[in-house]
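Notes for the one structure printed next.
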Amino acid sequence: MDKPYVIGIDVGGTNTVVGIVDKRGQILRSGSLKTAKHAEVEDYLNELSQVIEDVIKDIATKDQIKGIGAGTPNGNYFTGSIEFAPNLRWKGVIPFAQMLEDRVGIPVALTNDANAAAIGEMTYGAARGMKDFIVITLGTGVGSGIVVNGQMVYGHDGFAGELGHVIMRRTNGRVCGCGRAGCLEAYTSATGVARTAREYLEMQHESQTQLRNIPIDDITSKDVFDAAMAGDEMAKEIFRFTGEMLGEAFADFVAFSSPEAIILFGGLAKAGDLIMNPIRESMERNLLPIFKNKVKLIFSELKESDAAVLGASALGWEVR
């Protein structure tokens with residue numbers, strides 16, 4: 001029997017999105033659930049299985065689904081496991097693909113969530129036609145998908161491309177969710193932006209800012225964005241600080257893979273020029289001369305959930 005559909009799953013630290021996808025790359029129906037509400041992976045997988053069943057039932061029968069592809073934090077393409085993901089509540093090594101396959105009876109393949117976004121971007125988005133590019137996902141954490149000569153870079157163990165955990169501050173760096181100190185993610189993720197806001201408020205007692213109207217422990221990156229869009233100087237400076245650090249890191253990333261483009265994807269990318277202008281200025285300032293004015297900095301052309309869902313779904317066509 002022809003199997004004209006696949007399922008793509010984007011597992012984020014906060015939310016999970018599920019989509020049924022046809023051979024033209026159209027997401028025909030989608031569903032979602034809260035990743036973070038489940039302390040036990042078994043409970044999460046039970047709810048995820050129900051969402052998958054619900055997504056399928058109005059479009060197809062289960063035997064029309066070729067496979068399921070999942071993009072997850074710290075997903076290992078080679079083993080199908082989530083391994084020591086700092087931004088998930090479930091710790092250790094989780095044989096995610098096999099556990100989900102056992103529940104739904106459909107073959108499951110898995111990769112890192114940022115790699116899934118890169119595959120989606122290459123197939124359907126801003127990286128169409130490119131053979132060398134990097135996707136940076138700016139969400140709960142900072143992820144990356146690296147494509148060289150048209151091939152996803154996995155490394156020998158499946159974990160290549162953890163650019164969010166490049167150490168940017170080797171002295172007195174912030175503790176990262178991974179347990180190390182000074183990682184890029186600790187400063188430039190959505191949670192990192194909120195941490196920066198709290199630090200600024202504590203250090204600059206006299207500064208006038210609308211961020212003081214929010215309980216300090218409740219401040220989110222969206223609060224900082226809203227304040228910056230309203231002209232708040234402290235909020236704008238927080239984005240400058242964040243963008244400058246990303247630019248420093250990008251200059252180093254360019255040095256090892258010489259990408260045609262770096263594509264920004266995820267919630268923080270919605271800040272637009274607030275984040276892009278300081279990134280561009282900082283990156284160009286820190287690039288080796290041979291790379292200056294060669295690397296495009298662009299935003300994803302796909303809706304935030306679509307790139308990862310579509311990229312993950314591409315794995316579904318390849319499963320056994």
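Residue numbers start at 1 in each chain; chains themselves are named A, B, ... in the order of the structure tokens; ligands are numbered from 1 in the order shown.
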task: Can you pull out every residue within 9 Å of Arg169 in chain A, counting only C-alpha atoms, but drop anything in the same chain fewer than 3 positions away, and send it as a ChimeraX atom specification?
output: /A:172-174,181-184
Sorted by chain and rising residue number, which residues of range 24-125 of chain A lie within 7 Å of range 155-158 of chain A, and what are their closest atom pairs and distances in Å to one decimal, counting only C-alpha atoms, as JSON lines?
```
{"residue": "A:Asn76", "atom": "CA", "partner": "A:Gly158", "partner_atom": "CA", "distance": 5.2}
{"residue": "A:Tyr77", "atom": "CA", "partner": "A:Gly158", "partner_atom": "CA", "distance": 5.8}
{"residue": "A:Phe78", "atom": "CA", "partner": "A:Gly158", "partner_atom": "CA", "distance": 5.9}
```
Requested write-out: N, CA, C and O atoms of the selected residues, as a PDB file, in the first residue's frame:
```
ATOM      1  N   ASN A  76      20.234  12.067  19.308  1.00  0.00           N
ATOM      2  CA  ASN A  76      21.325  11.401  18.599  1.00  0.00           C
ATOM      3  C   ASN A  76      20.756  10.639  17.403  1.00  0.00           C
ATOM      4  O   ASN A  76      20.058   9.636  17.569  1.00  0.00           O
ATOM      5  N   TYR A  77      21.078  11.101  16.218  1.00  0.00           N
ATOM      6  CA  TYR A  77      20.586  10.504  14.973  1.00  0.00           C
ATOM      7  C   TYR A  77      20.977   9.035  14.854  1.00  0.00           C
ATOM      8  O   TYR A  77      20.218   8.211  14.351  1.00  0.00           O
ATOM      9  N   PHE A  78      22.154   8.705  15.362  1.00  0.00           N
ATOM     10  CA  PHE A  78      22.654   7.339  15.213  1.00  0.00           C
ATOM     11  C   PHE A  78      21.974   6.349  16.146  1.00  0.00           C
ATOM     12  O   PHE A  78      21.755   5.194  15.788  1.00  0.00           O
TER      13      PHE A  78
END
```
field: Backbone DSSP call of strand (DSSP E) for range 23-249 of chain A, listed as JSON, numbers by chain
entry: {"A": [27, 28, 29, 30, 31, 32, 33, 34, 65, 66, 67, 68, 69, 70, 71, 72, 75, 76, 81, 82, 83, 93, 94, 108, 109, 110, 111, 112, 133, 134, 135, 136, 137, 138, 142, 143, 144, 145, 146, 147, 148, 151, 152]}
message: Please determine, counting only C-alpha atoms, which residue among A:Leu264, A:Glu83, A:Ile298, A:Pro107 has the shortest atom-to-atom distance to Ile65 in chain A.
response: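 Under the stated criterion, the closest residue is A:Pro107.
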- request: From the DSSP assignment of the backbone, select every residue of range 54-182 of chain A that is helix (DSSP H, G or I), and format the answer as a PyMOL selection string.
  value: chain A and resi 54-57+62-64+96-104+113-124+163-165
Sorted by chain and rising residue number, which residues of range 189-274 of chain A lie within 12 Å of range 300-319 of chain A, and what are their closest atom pairs and distances in Å to one decimal, counting only C-alpha atoms, as CSV?
```
residue,atom,partner,partner_atom,distance
A:Ala261,CA,A:Ser300,CA,11.1
A:Ile262,CA,A:Ser300,CA,9.7
A:Ile263,CA,A:Ser300,CA,5.9
A:Leu264,CA,A:Ser300,CA,5.8
A:Phe265,CA,A:Ser300,CA,5.3
A:Gly266,CA,A:Glu304,CA,5.8
A:Gly267,CA,A:Glu304,CA,7.3
A:Leu268,CA,A:Glu304,CA,10.5
A:Ala269,CA,A:Ser300,CA,8.5
A:Lys270,CA,A:Glu304,CA,9.5
A:Gly272,CA,A:Ser300,CA,11.2
```
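Close contacts of Ile275 in chain A, defined as residues with an atom at most 8 Å away when counting only C-alpha atoms, with chain neighbours fewer than 5 positions off set aside, comprise Phe239, Arg240, Thr242, Gly243 and Ala269 of chain A.
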Taking C-alpha atoms for each residue, export the selection above as a PDB file, in the first residue's frame.
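The resulting result.pdb:
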```pdb
ATOM      1  CA  PHE A 239      19.566  43.389  23.089  1.00  0.00           C
ATOM      2  CA  ARG A 240      22.796  45.150  22.065  1.00  0.00           C
ATOM      3  CA  THR A 242      23.091  39.890  23.444  1.00  0.00           C
ATOM      4  CA  GLY A 243      23.653  40.646  19.760  1.00  0.00           C
ATOM      5  CA  ALA A 269      14.745  36.016  16.154  1.00  0.00           C
TER       6      ALA A 269
END
```
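Around Glu162 in chain A, within 12 Å and counting only C-alpha atoms, the residues found are Pro73, Asn74, Gly75, Ala85, Asn112, Asp113, Ala114, Asn115, Ile134, Val135, Ile136, Thr137, Gly141, Val142, Gly143, Ser144, Gly145, Ile146, Val153, Tyr154, Gly155, Ile167, Cys178, Cys183, Leu184, Glu185 and Phe253 of chain A, once anything fewer than 5 positions away on its own chain is removed.
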